[in-house]
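Everything below concerns the one structure shown next.
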Amino acid sequence: MTTNLQLKHVANAEARVVAHNIVNPDNLKTMDYSAVPYAVFTSPQVGTVGATEQELIRAGVPYRVVTQRYGDVAYGWAAEDTTSFAKLLADQTGERLLGAHIVGNHASILVQLLVQGMRLGSTILQMARGQLWIHPALSEVVENALLGLLEQGADDVIHPATNTDSETVGHHIPDTSAVREQP
């Protein structure tokens with residue numbers, strides 16, 4: 001084991017690198033551990049990739065954050081989803097995605113859209129506007145979250161070194177008090 005990432009998809013990727021390196025000793029590859037996603041298949045699902053808000057705060061990294069509720073897009077509205085959301089974290093310029101965390105139906109699939117953009121080095125603008133998004137589809141949650149980051153300005157940057165009180169941090173965490181356990 002080479003990392004703390006005890007995930008089947010990571011092990012599969014590591015195995016491919018090892019197999020390549022055994023067959024091609026003069027052309028060795030290394031494993032890229034950037035943007036490793038994971039999902040929890042509960043109800044609701046959780047899909048995540050990259051940094052969490054708490055990690056950015058601890059590291060003192062300035063960032064932007066946006067939360068997009070499922071119910072604010074046509075598909076989520078039609079499904080009467082009032083509790084699911086996507087939360088995206090970007091660098092202070094609003095150009096690069098640092099983390100994505102989705103809680104709701106198909107979160108594992110939706111987060112994969114962002115994994116691809118992060119792994120390919122796409123900017124938030126490229127991810128949001130470099131493709132056509134199907135309407136009405138649940139993927140519009142991701143599109144609207146990306147657009148929300150693009151709409152932010154310099155005043156929306158959170159500077160952890162000067163902004164660490166719990167009231168400020170809590171303001172950016174969605175209210176999930178309406179989430180009820182399902183039978």
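Ligands are numbered from 1 in the order shown, chains are lettered A, B, ... in the order of the structure tokens, and residues start at 1 in each chain.
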
For Leu149 (chain A): contacts at 9 Å, only C-alpha atoms, fewer than 4 positions along chain excluded, given as a list in words | Arg64, Val65, Val66, Leu88, Leu89, Ala90, Gly94, Glu95, Ile124, Asn144, Ala145 and Gly153 of chain A

Determine which residues of chain A receive a DSSP assignment of strand (DSSP E or B), computed from the backbone, and state them as number ranges by chain.
-> A: 37-40, 46-50, 63-69, 85-91, 97-103, 158

Shell around Asn105 (chain A) at 8 Å using only C-alpha atoms, local window under 6 positions removed, as a PyMOL selection string | chain A and resi 43-45+84

Prev. selection, C-alpha atoms, output as a compact mmCIF listing (two decimals), in the first residue's frame:
# COMPACT_ATOMS: atom_id res chain seq x y z
CA SER A 43 -29.30 7.62 1.54
CA PRO A 44 -28.59 10.32 0.59
CA GLN A 45 -25.43 9.56 -1.36
CA SER A 84 -29.78 17.82 -1.38

Taking the DSSP secondary structure from the backbone, can you list the residues of region 61-135 of chain A that are helix (DSSP H, G or I), as a PDB file with N, CA and C atoms, in the first residue's frame?
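Below is the file that was written, states.pdb:
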ATOM      1  N   TYR A  70     -30.259  21.215  -4.954  1.00  0.00           N
ATOM      2  CA  TYR A  70     -30.893  20.454  -6.029  1.00  0.00           C
ATOM      3  C   TYR A  70     -32.232  21.084  -6.414  1.00  0.00           C
ATOM      4  N   GLY A  71     -33.009  21.476  -5.418  1.00  0.00           N
ATOM      5  CA  GLY A  71     -34.353  21.985  -5.666  1.00  0.00           C
ATOM      6  C   GLY A  71     -34.404  23.282  -6.453  1.00  0.00           C
ATOM      7  N   ASP A  72     -33.246  23.926  -6.657  1.00  0.00           N
ATOM      8  CA  ASP A  72     -33.202  25.170  -7.415  1.00  0.00           C
ATOM      9  C   ASP A  72     -32.958  24.963  -8.899  1.00  0.00           C
ATOM     10  N   ALA A  74     -34.427  22.607 -12.401  1.00  0.00           N
ATOM     11  CA  ALA A  74     -35.697  22.024 -12.836  1.00  0.00           C
ATOM     12  C   ALA A  74     -35.877  20.574 -12.394  1.00  0.00           C
ATOM     13  N   TYR A  75     -34.851  19.758 -12.568  1.00  0.00           N
ATOM     14  CA  TYR A  75     -34.964  18.341 -12.216  1.00  0.00           C
ATOM     15  C   TYR A  75     -35.172  18.167 -10.715  1.00  0.00           C
ATOM     16  N   GLY A  76     -34.407  18.883  -9.928  1.00  0.00           N
ATOM     17  CA  GLY A  76     -34.541  18.807  -8.470  1.00  0.00           C
ATOM     18  C   GLY A  76     -35.880  19.335  -7.998  1.00  0.00           C
ATOM     19  N   TRP A  77     -36.345  20.403  -8.643  1.00  0.00           N
ATOM     20  CA  TRP A  77     -37.654  20.968  -8.304  1.00  0.00           C
ATOM     21  C   TRP A  77     -38.748  19.946  -8.594  1.00  0.00           C
ATOM     22  N   ALA A  78     -38.677  19.302  -9.776  1.00  0.00           N
ATOM     23  CA  ALA A  78     -39.680  18.309 -10.153  1.00  0.00           C
ATOM     24  C   ALA A  78     -39.663  17.110  -9.199  1.00  0.00           C
ATOM     25  N   ALA A 107     -25.077  11.551  -6.309  1.00  0.00           N
ATOM     26  CA  ALA A 107     -23.905  12.363  -5.962  1.00  0.00           C
ATOM     27  C   ALA A 107     -22.619  11.758  -6.520  1.00  0.00           C
ATOM     28  N   SER A 108     -22.529  10.428  -6.512  1.00  0.00           N
ATOM     29  CA  SER A 108     -21.319   9.771  -7.017  1.00  0.00           C
ATOM     30  C   SER A 108     -21.125  10.026  -8.507  1.00  0.00           C
ATOM     31  N   ILE A 109     -22.200  10.159  -9.234  1.00  0.00           N
ATOM     32  CA  ILE A 109     -22.124  10.426 -10.674  1.00  0.00           C
ATOM     33  C   ILE A 109     -21.855  11.910 -10.918  1.00  0.00           C
ATOM     34  N   LEU A 110     -22.542  12.773 -10.193  1.00  0.00           N
ATOM     35  CA  LEU A 110     -22.376  14.210 -10.388  1.00  0.00           C
ATOM     36  C   LEU A 110     -20.971  14.680 -10.054  1.00  0.00           C
ATOM     37  N   VAL A 111     -20.370  14.137  -9.007  1.00  0.00           N
ATOM     38  CA  VAL A 111     -19.026  14.582  -8.634  1.00  0.00           C
ATOM     39  C   VAL A 111     -18.014  14.188  -9.708  1.00  0.00           C
ATOM     40  N   GLN A 112     -18.292  13.117 -10.446  1.00  0.00           N
ATOM     41  CA  GLN A 112     -17.370  12.679 -11.496  1.00  0.00           C
ATOM     42  C   GLN A 112     -17.199  13.744 -12.576  1.00  0.00           C
ATOM     43  N   LEU A 113     -18.241  14.535 -12.842  1.00  0.00           N
ATOM     44  CA  LEU A 113     -18.132  15.630 -13.807  1.00  0.00           C
ATOM     45  C   LEU A 113     -17.034  16.609 -13.391  1.00  0.00           C
ATOM     46  N   LEU A 114     -16.920  16.828 -12.100  1.00  0.00           N
ATOM     47  CA  LEU A 114     -15.938  17.772 -11.575  1.00  0.00           C
ATOM     48  C   LEU A 114     -14.553  17.142 -11.461  1.00  0.00           C
ATOM     49  N   VAL A 115     -14.502  15.847 -11.202  1.00  0.00           N
ATOM     50  CA  VAL A 115     -13.223  15.130 -11.159  1.00  0.00           C
ATOM     51  C   VAL A 115     -12.537  15.272 -12.515  1.00  0.00           C
ATOM     52  N   GLN A 116     -13.281  15.068 -13.574  1.00  0.00           N
ATOM     53  CA  GLN A 116     -12.699  15.146 -14.914  1.00  0.00           C
ATOM     54  C   GLN A 116     -12.113  16.526 -15.163  1.00  0.00           C
ATOM     55  N   GLY A 117     -12.861  17.566 -14.824  1.00  0.00           N
ATOM     56  CA  GLY A 117     -12.352  18.921 -15.016  1.00  0.00           C
ATOM     57  C   GLY A 117     -11.108  19.194 -14.193  1.00  0.00           C
ATOM     58  N   MET A 118     -11.106  18.728 -12.941  1.00  0.00           N
ATOM     59  CA  MET A 118      -9.943  18.943 -12.070  1.00  0.00           C
ATOM     60  C   MET A 118      -8.723  18.183 -12.590  1.00  0.00           C
ATOM     61  N   ARG A 119      -8.910  16.936 -13.004  1.00  0.00           N
ATOM     62  CA  ARG A 119      -7.788  16.128 -13.481  1.00  0.00           C
ATOM     63  C   ARG A 119      -7.210  16.654 -14.783  1.00  0.00           C
ATOM     64  N   ILE A 124     -12.657  26.855 -14.031  1.00  0.00           N
ATOM     65  CA  ILE A 124     -14.085  26.833 -13.720  1.00  0.00           C
ATOM     66  C   ILE A 124     -14.885  27.336 -14.913  1.00  0.00           C
ATOM     67  N   LEU A 125     -14.384  28.358 -15.584  1.00  0.00           N
ATOM     68  CA  LEU A 125     -15.057  28.872 -16.778  1.00  0.00           C
ATOM     69  C   LEU A 125     -15.137  27.801 -17.861  1.00  0.00           C
ATOM     70  N   GLN A 126     -14.059  27.076 -18.083  1.00  0.00           N
ATOM     71  CA  GLN A 126     -14.073  26.012 -19.088  1.00  0.00           C
ATOM     72  C   GLN A 126     -15.063  24.909 -18.724  1.00  0.00           C
ATOM     73  N   MET A 127     -15.110  24.548 -17.434  1.00  0.00           N
ATOM     74  CA  MET A 127     -16.052  23.511 -17.016  1.00  0.00           C
ATOM     75  C   MET A 127     -17.492  23.982 -17.169  1.00  0.00           C
ATOM     76  N   ALA A 128     -17.758  25.245 -16.824  1.00  0.00           N
ATOM     77  CA  ALA A 128     -19.128  25.763 -16.845  1.00  0.00           C
ATOM     78  C   ALA A 128     -19.611  26.078 -18.253  1.00  0.00           C
ATOM     79  N   ARG A 129     -18.759  26.646 -19.080  1.00  0.00           N
ATOM     80  CA  ARG A 129     -19.192  27.129 -20.392  1.00  0.00           C
ATOM     81  C   ARG A 129     -18.560  26.418 -21.578  1.00  0.00           C
TER      82      ARG A 129
END

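Within 8 Å of Gly60 (chain A), once only C-alpha atoms are used and residues closer than 6 positions along the same chain are dropped, the contacting residues are A:His159, A:Pro160, A:Ala161.
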
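Candidate residues A:His101, A:Gln6, A:Asp155, A:Lys87 were compared for distance to Gly47 (chain A), and the nearest is A:His101, using only C-alpha atoms.
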
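Distances from A:Val142, A:Val157, A:Val18, A:Val73 to Val103 (chain A) were compared using only C-alpha atoms, and the smallest one belongs to A:Val142.
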